[in-house]
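*Asks:* Take a look at the following structure, please.
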Amino acid sequence: MVSCLDRTIEHLRGTNTTVDSPFDFAFKGKPLETSSLETLTLASTWLDICIQSHHACGRQTPQPLPTRLIDVGSLESGKSPFLLQSTGGQLGNWFALSYCWGKALPFKTEIENLKQHMQEIPLDQLPAVFRDAVHITRRLECRYLWIDALCIIQDSPDDWKTEAAQMHSIYSNATLTIVAEAAIDPTYGIFASGDSRRHNFDRAVALSCITSDKGRSMKARPALPSSMGSKSPVSQRGWTLQEDLLSPRVLRFSAEQVFWACQKFRCCEAAPTTDDWEQDLYFRRFGTKNSFFDMNVGDTEEDIYFRFWNVVVVNSFTRRSLFKQTDTMFAVAGLAREIQRHTDSAYIAGLWSKNLPEGLLWQACRSGKRPSGKESYIAPSWSWASMTFNVPDGDSRPQTYQFLKHMEETAYDSEIIAVVIMPSVTEDLYGQIEFGFLVIAGNWRCVDDFKELPTPFYEDWNNTRSMWDKESKQSDLLLPKQIVCNLDEGTTCIIGDELNIFGQGNLYLQILPNVLGVIYALILAPAEPIEGNEVYRRIGIAQIPKDDGMADGWESAVFTIV
Ligand SMILES: [Zn+2]
């Protein structure tokens, strides 16, 4: 059906349709560039409708300005943009830009050129993404634009830390976020150029036809190019996750067309109006933007927020790449503040006080590495944020577990006694971390204890080996009497006789004593003592079947984990 219509379009392209032809509307095609007046006027209409009539998206009330903004001036003035430094207390509206940094930033504000940028930012010197963003901002009649590379002094660590902590309000208070979805770095422009596919997704044409259902008219259209979505360069970048989720309105420039998303609706050039029949077809499965933050959940349902955090932040964020690996805490800080607002839970190095000890049971993936050395320290070992992951790592990604708390047998056996986080910048618990530790009481056993069990302990191993794909180590299947250990670094999983790789003094610390017959435990290794005190670090998690005496002989103690 679709391919037939595609052929019809190809045929009609070579035909002169008259002005009055009904095909004219359907097949005239889109303007070649997404930079066209028609496309940007459409975007402007979406913005107007949203501001005027979407209560859920928030009215465009002036907000306190960020420290610095690019004053783009008006389209007519022809003046160069310049950097406006707010003196505090000024109110206004701005757009923000979400884009890929690529390997190097071609143009940025530094201590040396700050004064110069406050006078003028010459348009012809800007990389294409920034220049296009200025053009869109002017065309949509907004005065200010926020771009991290220009509005944060890139060679000033102090400025960077202060401004990175403001990222949450910069994106959530921006009138609109422009997303350069297809550009792999700032030298690529935002706009899609003469891609012929832009001609192929015009609106549907009604075809009269007779069906068994009494001659109804049927609508048909060529296949719509979809957004690149999760495959686009911009979605691979760690920072853009919160930029997208926090922004009330997003205008995405993909390689094929322009998409709009706000709290109330999504549309695109192919399906430009809310009542368009395509709306339903096109976006039904996505829901509206940020529908998560819209939900009215009572305190008793705060776990939904933790689930969101685990699924969207831990699982999704860790698949993205960061220009600087140590930026992890900053890149999720905005989302963390939002979760905090909804849950009133203390934020502790990427985990939540009200979601402990469950939050400790995350599982790393194949490419997991925990950077060593003070310079590359990100977070304590019990936080997923302490890890870096090689991107892309196929389908392998860190996991979190959600346990059914109402099941009596899943009651926690461990007790968090204290959590201490020392931020690098005083009192910014969402920013960079200097050091942190956790004091926890729970039942433990030496890893070695299980190695010394008599042979019958392993007797089933030979019989069941075929059930376990030892090479790929893919199966989550827990075999009878076998401990499955997922190490944070290097190895996804070790089992049975491979437990010999553990060093001296390694131990299991029970977190959950019984989930459907399985003990969930952290694997701890002794770390460098601190002021003579014994401390441990997390090296993985283990699932231990509790039958056959495996749940016996555990002793209670208090551990400090760094
Ligand atoms: Zn809206």
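All residue names refer to the structure tokens as shown: chains lettered A, B, ... in order, residues numbered from 1 in each chain, ligands numbered from 1 in order.
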Hey, which residues sit close to ligand 1? Say within 7 Å, counting only C-alpha atoms and all ligand atoms, and write them as a VMD selection string.

*Replies:* chain A and resid 50 to 51 54 56 to 57 249 262 to 265

*Asks:* Based on the selection just made, write C-alpha atoms of those residues as an mmCIF file, in the first residue's frame.

*Replies:*
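Output saved as out.cif:
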data_model
loop_
_atom_site.group_PDB
_atom_site.id
_atom_site.type_symbol
_atom_site.label_atom_id
_atom_site.label_comp_id
_atom_site.auth_asym_id
_atom_site.auth_seq_id
_atom_site.Cartn_x
_atom_site.Cartn_y
_atom_site.Cartn_z
ATOM 1 C CA CYS A 50 1.295 26.265 23.814
ATOM 2 C CA ILE A 51 1.888 29.544 25.630
ATOM 3 C CA HIS A 54 -1.664 24.951 27.609
ATOM 4 C CA ALA A 56 0.025 22.351 32.020
ATOM 5 C CA CYS A 57 3.029 23.748 30.153
ATOM 6 C CA ARG A 249 8.887 22.640 25.589
ATOM 7 C CA CYS A 262 5.362 19.881 25.289
ATOM 8 C CA GLN A 263 3.368 18.616 28.252
ATOM 9 C CA LYS A 264 0.180 18.749 26.248
ATOM 10 C CA PHE A 265 1.010 17.558 22.767
#

*Asks:* Using DSSP on the backbone coordinates, identify all residues within stretch 5-198 of chain A classified as strand (DSSP E or B); present the result as a PyMOL selection string.

*Replies:* chain A and resi 63-64+68-71+82-85+91-92+94-98+144-146+176-180

*Asks:* Do you know which residues are at most 12 Å from A:Leu69 counting only C-alpha atoms, after dropping those on the same chain fewer than 5 positions away, and could you put them as a VMD selection string?

*Replies:* chain A and resid 64 81 to 87 90 to 97 109 117 to 118 121 134 142 to 153 163 170 174

*Asks:* So how many Å separate atom CA of A:Thr273 and atom CA of A:Cys100, to one decimal?

*Replies:*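 Between atom CA of A:Thr273 and atom CA of A:Cys100 the gap is 29.3 Å.
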
*Asks:* Which value, in Å to one decimal, gives the distance between atom CA of A:Asp552 and atom CA of A:Tyr508?

*Replies:*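 Between atom CA of A:Asp552 and atom CA of A:Tyr508 the gap works out to 13.2 Å.
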
*Asks:* What does the distance from atom CA of A:Ala182 to atom CA of A:Arg252 come to in Å, to one decimal?

*Replies:*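 Computing it gives 9.1 Å between the two atoms.
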
*Asks:* When you look at A:Leu40 with a cut-off of 9 Å (counting only C-alpha atoms), what residues show up, excluding the ones that are within fewer than 5 positions of it in the same chain? I need them as a ChimeraX atom specification.

*Replies:* /A:34-35,45,136,139-140

*Asks:* Using only C-alpha atoms, which of A:Ile539, A:Leu47, A:Ala349, A:Ile544 sits nearest A:Val518?

*Replies:*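 Checking each of A:Ile539, A:Leu47, A:Ala349, A:Ile544 against A:Val518, counting only C-alpha atoms, the winner is A:Ile544.
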
*Asks:* Closest to A:Ala133 among A:Pro248, A:Gly359, A:Pro186, A:Pro157, using only C-alpha atoms?

*Replies:*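 Closest residue, counting only C-alpha atoms: A:Pro186.
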
*Asks:* Could you pull out the alpha helix (DSSP H) residues of stretch 75-143 of chain A, going by DSSP on the backbone, and write them as a ChimeraX atom specification?

*Replies:* /A:114-119,128-139

*Asks:* Using only C-alpha atoms for the distances, tell me which of A:Gln432, A:Gln325, A:Thr61, A:Thr240 is nearest to A:Val313.

*Replies:*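 When distances to A:Val313 are compared using only C-alpha atoms, the smallest one comes from A:Thr240.
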